[in-house]
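**Q** Dumping the structure here so I can ask a few things about it.
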2 protein chains.
Amino acid sequence: MLGNFTYCNPTKLYFGKDALEGLDEELPKYGKNVLLVYGGGSIKKNGIYDRVVAILQRNGKTVYEDPGVMPNPTTEKLKEGCERALAADADLILAVGGGSVCDYAKAVSVSAHCGEDPWEKYYLRFEEPADDLPIIPVGCVLTMVGTGSEMNGGSVITNRAQKLKIGHVFGERVFPKFSVLNPEFTFTLPKYQMISGIYDIMSHILEQYFSGTDDNTSDYLMEGLLRSLIHSAEIAAKAPLDYEARSNIMWIATWALNTLVAKGKTTDWEVHMLGQAVGAHTDATHGMTLSAVSMPYYRHILPYGTAKFARYAASVWNVDPRGKSEMQTAREGLAAMEAWMTQLGLVMHLSELGVTEGMLEGIAKSTLVMDGGYKVLTAEEILAVLKESL
Amino acid sequence: MLGNFTYCNPTKLYFGKDALEGLDEELPKYGKNVLLVYGGGSIKKNGIYDRVVAILQRNGKTVYEDPGVMPNPTTEKLKEGCERALAADADLILAVGGGSVCDYAKAVSVSAHCGEDPWEKYYLRFEEPADDLPIIPVGCVLTMVGTGSEMNGGSVITNRAQKLKIGHVFGERVFPKFSVLNPEFTFTLPKYQMISGIYDIMSHILEQYFSGTDDNTSDYLMEGLLRSLIHSAEIAAKAPLDYEARSNIMWIATWALNTLVAKGKTTDWEVHMLGQAVGAHTDATHGMTLSAVSMPYYRHILPYGTAKFARYAASVWNVDPRGKSEMQTAREGLAAMEAWMTQLGLVMHLSELGVTEGMLEGIAKSTLVMDGGYKVLTAEEILAVLKESL
């Protein structure tokens with residue numbers, strides 16, 4: 001924990017099978033007008049919509065709707081959401097959905113009253129909301145697991161015209177005031193999506209883990225989260241309705257990206273940059289773009305962070321380091337990880353996601369270069385990793 | 001994570017060598033009158049007092065003093081603090097010290113305006129502060145590590161006349177608004193106190209770890225905290241001014257007892273009950289009362305939680321479980337723990353703390369029985385553990 005840092009995370013979490021009852025505790029804190037934000041309507045099929053609306057009504061709220069939030073929320077949709085929030089004079093935005101719906105709700109919350117183009121202000125110029133800007137409070141009812149958006153200030157918005165997808169990490173004033181985490185609400189998700197989400201979580205942890213040389217408690221916490229995730233993912237892959245496994249995965253997702261495990265560290269995030277570039281050129285599921293590039297990326301940076309990869313092998317994958325070189329231990333760890341990923345059903349090659357060799361140069365050009373990890377990649381290295389991932 | 005639970009921890013932490021600068025960010029949020037609470041005056045010797053007062057003055061605050069908070073803050077002192085807070089019309093209570101000073105500041109914050117006897121209301125009847133009770137905001141500048149009081153609602157007060165020492169765990173309205181954690185502020189602590197604090201932290205984690213049979217991410221997080229603590233404690237015992245080790249220990253102390261790692265679990269706390277009973281009959285340092293009773297206690301409950309003790313051995317103490325029975329693995333883990341404790345310089349026998357055989361029955365009678373762990377002890381078992389600890 002060598003550097004100076006601050007930590008503050010005021011989001012209140014309601015967790016468990018009865019978590020939705022937390023709404024009865026939270027709703028009285030806010031005014032009458034609630035903007036209900038959700039996605040494509042799966043919550044109407046699985047009954048969550050009806051349950052939420054019933055609770056809003058018994059708390060005397062007037063419900064205004066903002067449906068149709070897409071997986072990558074656009075600037076056009078954000079404009080529409082701001083208009084709806086203003087028309088409703090919203091006292092609370094209630095996001096019911098996955099990370100995109102939560103991200104979008106936060107974007108509306110800081111944009112509705114800001115009087116400027118939010119895309120330019122927050123996502124291009126990375127400005128912070130003014131101290132006196134009214135920020136509409138946000139609450140979340142989570143139905144998909146992976147992004148951690150339910151307990152952080154992250155908000156990713158896509159500008160289709162500019163072909164840009166940019167995330168702004170807002171401060172704690174923009175964090176959700178509360179989030180409802182009921183693991184059963186994730187049960188209807190298809191297995192492919194569940195596994196993709198699991199790898200998104202794993203990548204969040206690994207991209208904060210593989211950095212730095214100091215001895216940091218955050219790394220030990222991440223090893224704990226990884227061991228729990230690996231264990232529960234194996235159970236969930238065989239029995240997707242196993243409550244215990246799914247509840248652990250939900251909790252790990254929140255703590256993987258609510259700022260705790262990055263404290264005192266630099267972070268890498270190059271795998272996310274590679275995956276997001278793939279996502280910009282295909283329709284591939286986010287977590288699968290990460291899994292497809294991970295092994296080539298980690299093998300590529302292995303020589304620059306061998307000691308940490310050896311520690312990872314021993315602490316997370318139970319590789320016995322005795323009588324082995326650091327490099328040998330590290331390689332055995334990555335091999336164990338690769339076998340586990342394959343067994344789980346993750347996509348291990350970009351070609352399975354519709355990427356062709358001819359697309360690689362374009363993807364490489366779209367890939368942002370990060371400087372917090374063990375190696376700052378050159379343009380040639382990015383292309384080489386992508387080729388290796390094909 | 002089988003049960004329903006809520007999580008909320010709004011305390012803002014400023015961590016690192018420059019953490020005190022966080023006061024410049026926090027102080028403008030509060031009114032002019034600051035009640036400065038501290039202990040026996042060591043902060044005047046090491047310069048922390050002067051630095052804090054200078055920051056208060058440059059932020060235009062009027063400083064009122066409430067010094068002399070003792071290691072076990074009493075009901076008499078609490079009454080005096082309430083009078084001082086009211087006389088100052090305090091807008092903020094700034095606690096500069098260790099866990100006792102923070103505990104006391106929180107007690108004053110909920111008691112000054114409550115209009116009742118706080119001992120009876122909060123510590124005997126365990127009532128919560130009314131929703132409309134004005135609670136004076138508390139900030140902490142930490143100078144000793146161990147209790148976690150800087151990021152939780154805990155507050156232990158002692159009634160000397162009634163020979164009772166009782167803790168109330170308040171809700172998040174009573175948590176410190178902010179805490180300043182500068183590891184260097186703990187450097188002047190004598191080594192005996194540092195090691196005692198390290199075992200207090202370890203016991204906080206273990207007493208939440210040794211419970212339950214479900215598969216819970218909290219247990220994995222605790223294994224991470226324990227591994228980091230063991231590693232950093234070894235370094236700090238040899239080189240008490242090692243910043244990296246001391247900073248990890250400070251961070252672990254906060255996360256060991258800020259409610260996170262108990263989520264979804266029951267907790268034990270019998271070691272604390274035994275240790276506190278010893279403390280009520282001697283002048284022994286808190287952490288050392290815990291270390292002296294721990295090994296006999298854990299060996300006693302081992303048959304009732306063998307699987308968890310075996311997991312502890314493998315995950316925390318690197319015991320190789322192959323070819324061994326669960327019990328054998330578990331015993332090797334406890335032996336490794338005992339050797340580590342002895343090496344660190346912890347007190348391993350109650351006789352070293354001034355306890356004689358004739359005192360044991362009295363201590364046993366003062367020991368509260370907890371029911372969240374692997375075995376609810378009978379009166380005979382409590383006496384047997386104490387005898388074993390002598």
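Residues in the structure tokens are named by chain (A, B, ... in the order shown) and by number from 1 within that chain; ligands are numbered from 1 in the order shown.
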Quick one: chain A onto chain B, least squares on all Cα paired in order, result as a tab-separated table (two decimals) with C-alpha atoms, in the first residue's frame?
**A**
chain	number	residue	atom	x	y	z
A	1	MET	CA	-23.56	-16.15	0.89
A	2	LEU	CA	-26.71	-17.98	1.94
A	3	GLY	CA	-28.56	-15.50	4.14
A	4	ASN	CA	-30.08	-12.09	3.49
A	5	PHE	CA	-27.94	-9.16	4.52
A	6	THR	CA	-27.34	-5.47	3.91
A	7	TYR	CA	-24.01	-3.72	3.46
A	8	CYS	CA	-23.32	-0.02	3.73
A	9	ASN	CA	-20.14	1.70	4.79
A	10	PRO	CA	-20.07	5.40	3.96
A	11	THR	CA	-16.84	6.36	5.80
A	12	LYS	CA	-14.37	8.17	3.56
A	13	LEU	CA	-10.78	7.06	4.12
A	14	TYR	CA	-7.66	9.12	3.43
A	15	PHE	CA	-4.70	6.74	3.36
A	16	GLY	CA	-0.95	7.25	3.09
A	17	LYS	CA	1.89	9.53	4.11
A	18	ASP	CA	-0.06	12.63	3.03
A	19	ALA	CA	-3.40	11.46	4.45
A	20	LEU	CA	-3.66	14.35	6.92
A	21	GLU	CA	-4.18	16.69	3.97
A	22	GLY	CA	-7.61	15.08	3.69
A	23	LEU	CA	-8.65	17.31	6.59
A	24	ASP	CA	-8.48	20.29	4.25
A	25	GLU	CA	-11.05	18.56	2.05
A	26	GLU	CA	-13.34	17.49	4.89
A	27	LEU	CA	-13.32	20.39	7.35
A	28	PRO	CA	-15.11	22.90	5.08
A	29	LYS	CA	-18.14	20.55	5.08
A	30	TYR	CA	-18.79	21.24	8.78
A	31	GLY	CA	-19.50	24.25	10.98
A	32	LYS	CA	-17.04	26.33	12.93
A	33	ASN	CA	-16.91	24.51	16.27
A	34	VAL	CA	-14.68	21.45	16.51
A	35	LEU	CA	-14.32	19.32	19.65
A	36	LEU	CA	-10.82	17.82	19.56
A	37	VAL	CA	-10.84	14.51	21.43
A	38	TYR	CA	-7.64	12.69	22.37
A	39	GLY	CA	-6.02	10.49	24.98
A	40	GLY	CA	-3.11	10.81	27.37
A	41	GLY	CA	-1.12	13.32	25.38
A	42	SER	CA	1.30	11.19	23.32
A	43	ILE	CA	0.10	13.15	20.28
A	44	LYS	CA	1.61	16.26	21.85
A	45	LYS	CA	5.01	14.54	22.09
A	46	ASN	CA	5.11	13.16	18.55
A	47	GLY	CA	3.90	16.37	16.89
A	48	ILE	CA	0.57	15.08	15.55
A	49	TYR	CA	-1.38	17.41	17.85
A	50	ASP	CA	0.40	20.51	16.52
A	51	ARG	CA	-0.12	19.44	12.90
A	52	VAL	CA	-3.84	18.80	13.44
A	53	VAL	CA	-4.41	22.08	15.29
A	54	ALA	CA	-2.60	24.02	12.55
A	55	ILE	CA	-4.91	22.52	9.92
A	56	LEU	CA	-7.98	23.28	12.05
A	57	GLN	CA	-6.83	26.88	12.42
A	58	ARG	CA	-6.09	27.42	8.75
A	59	ASN	CA	-9.62	26.17	8.07
A	60	GLY	CA	-11.01	28.83	10.39
A	61	LYS	CA	-12.24	26.45	13.08
A	62	THR	CA	-12.70	27.25	16.77
A	63	VAL	CA	-11.06	24.39	18.65
A	64	TYR	CA	-12.51	23.06	21.91
A	65	GLU	CA	-10.58	20.36	23.73
A	66	ASP	CA	-11.61	17.09	25.31
A	67	PRO	CA	-8.36	15.37	26.35
A	68	GLY	CA	-7.69	12.47	28.70
A	69	VAL	CA	-9.69	9.69	27.06
A	70	MET	CA	-8.48	6.54	28.82
A	71	PRO	CA	-7.81	3.11	27.19
A	72	ASN	CA	-11.19	1.89	28.47
A	73	PRO	CA	-13.38	5.03	28.27
A	74	THR	CA	-15.72	5.26	31.26
A	75	THR	CA	-19.29	6.39	31.74
A	76	GLU	CA	-17.97	9.31	33.83
A	77	LYS	CA	-15.74	10.45	30.99
A	78	LEU	CA	-18.62	10.05	28.54
A	79	LYS	CA	-20.76	12.36	30.72
A	80	GLU	CA	-17.95	14.91	30.75
A	81	GLY	CA	-17.52	14.64	26.97
A	82	CYS	CA	-21.23	15.26	26.38
A	83	GLU	CA	-21.05	18.38	28.54
A	84	ARG	CA	-18.03	19.62	26.62
A	85	ALA	CA	-19.68	18.90	23.25
A	86	LEU	CA	-22.80	20.82	24.29
A	87	ALA	CA	-20.82	23.71	25.77
A	88	ALA	CA	-18.83	23.96	22.53
A	89	ASP	CA	-21.98	23.59	20.42
A	90	ALA	CA	-19.78	21.17	18.48
A	91	ASP	CA	-20.35	20.87	14.74
A	92	LEU	CA	-17.73	18.13	14.45
A	93	ILE	CA	-15.93	15.81	16.84
A	94	LEU	CA	-12.38	15.13	15.70
A	95	ALA	CA	-10.92	12.04	17.39
A	96	VAL	CA	-7.12	11.81	17.31
A	97	GLY	CA	-5.89	8.52	18.73
A	98	GLY	CA	-6.52	4.79	18.71
A	99	GLY	CA	-9.64	2.69	18.90
A	100	SER	CA	-10.65	3.85	22.37
A	101	VAL	CA	-10.60	7.50	21.35
A	102	CYS	CA	-12.66	6.71	18.22
A	103	ASP	CA	-15.10	4.55	20.24
A	104	TYR	CA	-15.51	7.36	22.77
A	105	ALA	CA	-16.03	10.03	20.11
A	106	LYS	CA	-18.86	7.98	18.61
A	107	ALA	CA	-20.41	7.55	22.06
A	108	VAL	CA	-20.35	11.32	22.63
A	109	SER	CA	-21.77	11.90	19.14
A	110	VAL	CA	-24.98	9.94	19.85
A	111	SER	CA	-25.23	10.84	23.53
A	112	ALA	CA	-24.75	14.62	23.70
A	113	HIS	CA	-28.24	15.46	22.44
A	114	CYS	CA	-30.12	12.31	23.47
A	115	GLY	CA	-31.48	13.64	26.78
A	116	GLU	CA	-31.24	10.27	28.49
A	117	ASP	CA	-28.56	8.34	30.36
A	118	PRO	CA	-26.52	7.02	27.42
A	119	TRP	CA	-25.17	4.06	29.42
A	120	GLU	CA	-28.64	2.77	30.14
A	121	LYS	CA	-30.04	3.63	26.72
A	122	TYR	CA	-27.31	2.37	24.39
A	123	TYR	CA	-25.14	-0.02	26.42
A	124	LEU	CA	-27.65	-1.70	28.73
A	125	ARG	CA	-30.88	-1.55	26.70
A	126	PHE	CA	-29.09	-1.58	23.29
A	127	GLU	CA	-31.53	1.00	21.89
A	128	GLU	CA	-30.83	2.76	18.61
A	129	PRO	CA	-30.68	6.55	18.38
A	130	ALA	CA	-34.04	8.00	17.29
A	131	ASP	CA	-34.34	8.91	13.61
A	132	ASP	CA	-34.61	12.61	14.45
A	133	LEU	CA	-31.82	12.67	17.07
A	134	PRO	CA	-29.06	15.12	16.10
A	135	ILE	CA	-25.87	13.05	15.86
A	136	ILE	CA	-22.69	15.14	15.92
A	137	PRO	CA	-20.49	14.10	12.96
A	138	VAL	CA	-17.25	12.33	13.87
A	139	GLY	CA	-13.92	12.29	12.04
A	140	CYS	CA	-10.87	10.27	13.09
A	141	VAL	CA	-7.11	10.66	12.81
A	142	LEU	CA	-5.81	7.19	13.64
A	143	THR	CA	-2.59	6.75	15.66
A	144	MET	CA	-2.94	3.09	16.67
A	145	VAL	CA	-4.04	0.12	14.65
A	146	GLY	CA	-6.24	-2.82	15.55
A	147	THR	CA	-9.84	-2.11	16.45
A	148	GLY	CA	-11.27	-1.04	13.07
A	149	SER	CA	-13.22	1.65	14.93
A	150	GLU	CA	-12.16	4.14	12.22
A	151	MET	CA	-14.64	2.57	9.77
A	152	ASN	CA	-17.42	1.00	11.79
A	153	GLY	CA	-20.15	1.82	14.28
A	154	GLY	CA	-18.59	0.03	17.23
A	155	SER	CA	-18.30	1.80	20.57
A	156	VAL	CA	-17.17	0.09	23.80
A	157	ILE	CA	-17.79	1.91	27.10
A	158	THR	CA	-16.87	0.78	30.63
A	159	ASN	CA	-18.98	1.29	33.73
A	160	ARG	CA	-16.49	0.99	36.59
A	161	ALA	CA	-19.10	1.03	39.35
A	162	GLN	CA	-21.01	-1.84	37.73
A	163	LYS	CA	-17.78	-3.61	36.62
A	164	LEU	CA	-19.20	-3.84	33.09
A	165	LYS	CA	-17.51	-3.16	29.76
A	166	ILE	CA	-20.09	-3.25	26.97
A	167	GLY	CA	-19.93	-2.57	23.25
A	168	HIS	CA	-22.75	-1.20	21.12
A	169	VAL	CA	-22.47	-1.58	17.35
A	170	PHE	CA	-24.32	1.42	15.94
A	171	GLY	CA	-25.66	1.72	12.40
A	172	GLU	CA	-24.09	3.65	9.56
A	173	ARG	CA	-25.39	7.04	10.76
A	174	VAL	CA	-22.86	6.77	13.60
A	175	PHE	CA	-19.89	5.58	11.48
A	176	PRO	CA	-17.09	8.17	11.26
A	177	LYS	CA	-17.72	10.49	8.31
A	178	PHE	CA	-14.03	10.30	7.46
A	179	SER	CA	-10.83	8.80	8.83
A	180	VAL	CA	-7.21	9.73	8.25
A	181	LEU	CA	-4.93	6.68	8.06
A	182	ASN	CA	-1.25	7.57	7.93
A	183	PRO	CA	0.86	4.48	8.71
A	184	GLU	CA	3.72	6.71	9.90
A	185	PHE	CA	1.50	7.93	12.75
A	186	THR	CA	1.75	4.41	14.21
A	187	PHE	CA	5.57	4.30	14.15
A	188	THR	CA	6.08	5.61	17.71
A	189	LEU	CA	4.03	2.80	19.24
A	190	PRO	CA	6.15	0.42	21.40
A	191	LYS	CA	6.80	-2.97	19.80
A	192	TYR	CA	4.82	-4.85	22.49
A	193	GLN	CA	1.76	-2.73	21.67
A	194	MET	CA	2.28	-3.17	17.93
A	195	ILE	CA	2.42	-6.95	18.22
A	196	SER	CA	-0.58	-6.96	20.52
A	197	GLY	CA	-2.50	-4.95	17.92
A	198	ILE	CA	-1.48	-7.37	15.19
A	199	TYR	CA	-2.96	-10.26	17.13
A	200	ASP	CA	-6.12	-8.27	17.84
A	201	ILE	CA	-6.53	-7.92	14.05
A	202	MET	CA	-5.83	-11.61	13.51
A	203	SER	CA	-8.37	-12.56	16.14
A	204	HIS	CA	-11.00	-10.30	14.56
A	205	ILE	CA	-10.56	-12.19	11.32
A	206	LEU	CA	-10.39	-15.68	12.84
A	207	GLU	CA	-13.49	-15.13	14.98
A	208	GLN	CA	-15.49	-14.39	11.84
A	209	TYR	CA	-13.75	-17.15	9.85
A	210	PHE	CA	-14.33	-20.09	12.20
A	211	SER	CA	-18.07	-20.43	11.74
A	212	GLY	CA	-20.51	-21.80	9.21
A	213	THR	CA	-20.45	-24.70	6.81
A	214	ASP	CA	-21.51	-23.05	3.57
A	215	ASP	CA	-19.15	-21.97	0.82
A	216	ASN	CA	-18.82	-18.22	1.30
A	217	THR	CA	-16.73	-15.63	-0.52
A	218	SER	CA	-16.20	-13.90	2.83
A	219	ASP	CA	-14.05	-16.84	3.94
A	220	TYR	CA	-11.84	-16.47	0.85
A	221	LEU	CA	-11.46	-12.74	1.51
A	222	MET	CA	-10.44	-13.50	5.09
A	223	GLU	CA	-7.84	-16.03	3.91
A	224	GLY	CA	-6.38	-13.25	1.75
A	225	LEU	CA	-6.32	-10.82	4.68
A	226	LEU	CA	-4.73	-13.44	6.95
A	227	ARG	CA	-1.98	-14.29	4.45
A	228	SER	CA	-1.17	-10.63	4.00
A	229	LEU	CA	-1.21	-10.02	7.77
A	230	ILE	CA	1.06	-12.99	8.53
A	231	HIS	CA	3.53	-11.85	5.89
A	232	SER	CA	3.60	-8.19	6.93
A	233	ALA	CA	3.65	-8.96	10.66
A	234	GLU	CA	6.85	-10.97	10.23
A	235	ILE	CA	8.47	-8.01	8.47
A	236	ALA	CA	7.18	-5.45	11.00
A	237	ALA	CA	8.36	-7.51	13.96
A	238	LYS	CA	11.91	-7.40	12.59
A	239	ALA	CA	11.73	-3.86	11.18
A	240	PRO	CA	8.95	-1.86	12.91
A	241	LEU	CA	9.61	1.18	10.69
A	242	ASP	CA	9.04	-0.75	7.44
A	243	TYR	CA	6.41	1.49	5.84
A	244	GLU	CA	5.09	-1.12	3.43
A	245	ALA	CA	4.50	-3.69	6.16
A	246	ARG	CA	2.95	-1.20	8.56
A	247	SER	CA	0.70	0.23	5.84
A	248	ASN	CA	-0.58	-3.24	4.95
A	249	ILE	CA	-1.25	-3.97	8.64
A	250	MET	CA	-3.17	-0.68	8.98
A	251	TRP	CA	-5.31	-1.44	5.92
A	252	ILE	CA	-5.98	-5.03	7.02
A	253	ALA	CA	-7.09	-3.82	10.46
A	254	THR	CA	-9.72	-1.59	8.86
A	255	TRP	CA	-11.10	-4.31	6.58
A	256	ALA	CA	-11.00	-6.98	9.26
A	257	LEU	CA	-13.76	-5.26	11.21
A	258	ASN	CA	-15.69	-2.88	8.98
A	259	THR	CA	-18.49	-5.48	8.49
A	260	LEU	CA	-17.46	-6.72	5.00
A	261	VAL	CA	-15.96	-10.09	5.91
A	262	ALA	CA	-18.88	-11.08	8.16
A	263	LYS	CA	-21.42	-10.81	5.33
A	264	GLY	CA	-23.47	-13.97	4.84
A	265	LYS	CA	-21.92	-15.60	7.93
A	266	THR	CA	-22.48	-16.17	11.60
A	267	THR	CA	-19.58	-15.14	13.82
A	268	ASP	CA	-18.02	-16.63	16.94
A	269	TRP	CA	-16.27	-13.99	19.16
A	270	GLU	CA	-15.72	-16.39	22.08
A	271	VAL	CA	-11.98	-15.62	22.13
A	272	HIS	CA	-12.84	-11.94	22.62
A	273	MET	CA	-15.22	-12.85	25.43
A	274	LEU	CA	-12.50	-14.88	27.15
A	275	GLY	CA	-9.92	-12.15	26.60
A	276	GLN	CA	-12.21	-9.37	27.82
A	277	ALA	CA	-12.96	-11.34	30.98
A	278	VAL	CA	-9.21	-11.64	31.58
A	279	GLY	CA	-8.94	-7.90	30.93
A	280	ALA	CA	-11.62	-7.16	33.53
A	281	HIS	CA	-9.55	-9.00	36.17
A	282	THR	CA	-6.08	-7.74	35.19
A	283	ASP	CA	-4.41	-4.75	33.55
A	284	ALA	CA	-3.32	-6.88	30.62
A	285	THR	CA	-3.07	-5.49	27.09
A	286	HIS	CA	-6.14	-6.50	25.07
A	287	GLY	CA	-4.41	-8.30	22.17
A	288	MET	CA	-2.25	-10.31	24.56
A	289	THR	CA	-5.30	-11.57	26.46
A	290	LEU	CA	-6.55	-12.91	23.13
A	291	SER	CA	-3.28	-14.57	22.16
A	292	ALA	CA	-2.97	-16.26	25.56
A	293	VAL	CA	-6.35	-18.05	25.28
A	294	SER	CA	-6.43	-18.70	21.53
A	295	MET	CA	-4.54	-21.96	21.10
A	296	PRO	CA	-6.35	-23.80	23.92
A	297	TYR	CA	-9.67	-22.48	22.62
A	298	TYR	CA	-9.06	-23.49	19.02
A	299	ARG	CA	-7.75	-26.94	20.00
A	300	HIS	CA	-10.88	-27.34	22.11
A	301	ILE	CA	-13.35	-26.52	19.30
A	302	LEU	CA	-11.30	-28.32	16.61
A	303	PRO	CA	-13.42	-31.54	16.72
A	304	TYR	CA	-16.59	-29.50	16.02
A	305	GLY	CA	-15.24	-27.68	12.96
A	306	THR	CA	-12.50	-29.94	11.66
A	307	ALA	CA	-13.18	-29.34	7.96
A	308	LYS	CA	-12.77	-25.57	8.36
A	309	PHE	CA	-9.60	-25.96	10.41
A	310	ALA	CA	-8.19	-28.22	7.69
A	311	ARG	CA	-9.05	-25.63	5.06
A	312	TYR	CA	-7.40	-22.98	7.25
A	313	ALA	CA	-4.24	-25.07	7.48
A	314	ALA	CA	-3.98	-25.51	3.72
A	315	SER	CA	-5.12	-22.06	2.58
A	316	VAL	CA	-3.42	-19.90	5.19
A	317	TRP	CA	-0.47	-21.94	6.53
A	318	ASN	CA	0.46	-23.83	3.34
A	319	VAL	CA	0.05	-27.24	4.97
A	320	ASP	CA	0.06	-29.88	2.24
A	321	PRO	CA	-3.09	-31.95	2.86
A	322	ARG	CA	-2.18	-34.81	0.53
A	323	GLY	CA	-2.14	-38.18	2.23
A	324	LYS	CA	-3.35	-36.77	5.55
A	325	SER	CA	-6.64	-36.98	7.39
A	326	GLU	CA	-8.63	-33.79	7.82
A	327	MET	CA	-7.81	-33.82	11.54
A	328	GLN	CA	-4.10	-34.29	10.88
A	329	THR	CA	-4.05	-31.39	8.40
A	330	ALA	CA	-6.02	-29.24	10.83
A	331	ARG	CA	-3.63	-30.01	13.70
A	332	GLU	CA	-0.60	-29.15	11.57
A	333	GLY	CA	-2.22	-25.81	10.77
A	334	LEU	CA	-2.73	-24.96	14.42
A	335	ALA	CA	0.84	-26.03	15.19
A	336	ALA	CA	2.11	-23.70	12.44
A	337	MET	CA	0.01	-20.88	13.88
A	338	GLU	CA	1.32	-21.51	17.38
A	339	ALA	CA	4.94	-21.50	16.21
A	340	TRP	CA	4.34	-18.24	14.32
A	341	MET	CA	2.73	-16.59	17.35
A	342	THR	CA	5.60	-17.63	19.62
A	343	GLN	CA	8.16	-16.38	17.10
A	344	LEU	CA	6.35	-13.05	16.82
A	345	GLY	CA	6.62	-12.51	20.59
A	346	LEU	CA	2.97	-12.88	21.55
A	347	VAL	CA	1.98	-13.84	25.09
A	348	MET	CA	1.05	-17.54	25.04
A	349	HIS	CA	0.17	-18.08	28.73
A	350	LEU	CA	-2.19	-16.21	31.05
A	351	SER	CA	0.33	-16.53	33.87
A	352	GLU	CA	2.56	-14.05	31.98
A	353	LEU	CA	-0.28	-11.52	32.29
A	354	GLY	CA	-0.51	-11.83	36.06
A	355	VAL	CA	-3.31	-14.37	36.14
A	356	THR	CA	-3.08	-16.95	38.93
A	357	GLU	CA	-4.92	-20.24	39.29
A	358	GLY	CA	-7.05	-18.74	42.03
A	359	MET	CA	-8.40	-16.10	39.63
A	360	LEU	CA	-9.62	-18.56	37.01
A	361	GLU	CA	-13.08	-19.24	38.46
A	362	GLY	CA	-13.78	-15.53	38.71
A	363	ILE	CA	-12.63	-14.97	35.13
A	364	ALA	CA	-14.74	-17.90	33.94
A	365	LYS	CA	-17.81	-16.41	35.62
A	366	SER	CA	-17.20	-13.07	33.83
A	367	THR	CA	-16.95	-14.77	30.44
A	368	LEU	CA	-19.96	-14.30	28.18
A	369	VAL	CA	-20.99	-17.35	26.12
A	370	MET	CA	-21.43	-16.79	22.38
A	371	ASP	CA	-23.41	-19.06	20.06
A	372	GLY	CA	-22.21	-18.28	16.54
A	373	GLY	CA	-19.19	-20.59	16.34
A	374	TYR	CA	-18.62	-24.32	16.09
A	375	LYS	CA	-19.32	-25.08	19.77
A	376	VAL	CA	-21.31	-23.29	22.42
A	377	LEU	CA	-19.11	-23.66	25.49
A	378	THR	CA	-20.46	-24.88	28.82
A	379	ALA	CA	-19.28	-23.28	32.06
A	380	GLU	CA	-17.01	-26.29	32.59
A	381	GLU	CA	-15.50	-25.92	29.13
A	382	ILE	CA	-14.78	-22.23	29.70
A	383	LEU	CA	-12.94	-23.04	32.90
A	384	ALA	CA	-11.07	-25.87	31.17
A	385	VAL	CA	-9.92	-23.57	28.34
A	386	LEU	CA	-8.77	-20.98	30.88
A	387	LYS	CA	-6.86	-23.63	32.87
A	388	GLU	CA	-5.25	-24.84	29.69
A	389	SER	CA	-4.27	-21.23	28.92
A	390	LEU	CA	-2.60	-20.62	32.27
**Q** Would you give me, as a VMD selection string, the residues in stretch 64-197 of chain B that DSSP reads as helix (DSSP H, G or I)?
**A** chain B and resid 75 to 88 99 to 111 118 to 124 149 to 151 183 to 186 191 to 197
**Q** Next, write the just-selected residues to a file, as a compact mmCIF listing (two decimals), in the first residue's frame, keeping C-alpha atoms as the atom set.
**A**
# COMPACT_ATOMS: atom_id res chain seq x y z
CA THR B 75 -19.31 6.47 31.77
CA GLU B 76 -17.99 9.39 33.84
CA LYS B 77 -15.74 10.52 31.00
CA LEU B 78 -18.63 10.11 28.54
CA LYS B 79 -20.77 12.42 30.71
CA GLU B 80 -17.95 14.98 30.74
CA GLY B 81 -17.53 14.70 26.95
CA CYS B 82 -21.24 15.32 26.37
CA GLU B 83 -21.07 18.44 28.51
CA ARG B 84 -18.03 19.67 26.60
CA ALA B 85 -19.68 18.96 23.23
CA LEU B 86 -22.81 20.88 24.27
CA ALA B 87 -20.84 23.77 25.75
CA ALA B 88 -18.84 24.02 22.51
CA GLY B 99 -9.66 2.71 18.92
CA SER B 100 -10.66 3.88 22.39
CA VAL B 101 -10.61 7.53 21.36
CA CYS B 102 -12.66 6.73 18.23
CA ASP B 103 -15.11 4.58 20.25
CA TYR B 104 -15.51 7.39 22.77
CA ALA B 105 -16.03 10.06 20.09
CA LYS B 106 -18.88 8.02 18.60
CA ALA B 107 -20.42 7.60 22.06
CA VAL B 108 -20.36 11.37 22.61
CA SER B 109 -21.78 11.95 19.12
CA VAL B 110 -25.00 9.99 19.84
CA SER B 111 -25.25 10.91 23.53
CA PRO B 118 -26.53 7.07 27.42
CA TRP B 119 -25.18 4.13 29.45
CA GLU B 120 -28.65 2.84 30.16
CA LYS B 121 -30.05 3.69 26.73
CA TYR B 122 -27.33 2.42 24.42
CA TYR B 123 -25.16 0.04 26.46
CA LEU B 124 -27.67 -1.65 28.76
CA SER B 149 -13.23 1.67 14.95
CA GLU B 150 -12.18 4.15 12.24
CA MET B 151 -14.66 2.58 9.78
CA PRO B 183 0.86 4.48 8.72
CA GLU B 184 3.71 6.71 9.91
CA PHE B 185 1.49 7.93 12.77
CA THR B 186 1.74 4.42 14.24
CA LYS B 191 6.78 -2.97 19.83
CA TYR B 192 4.82 -4.86 22.50
CA GLN B 193 1.75 -2.74 21.69
CA MET B 194 2.25 -3.19 17.95
CA ILE B 195 2.40 -6.97 18.23
CA SER B 196 -0.58 -6.98 20.54
CA GLY B 197 -2.52 -4.96 17.96
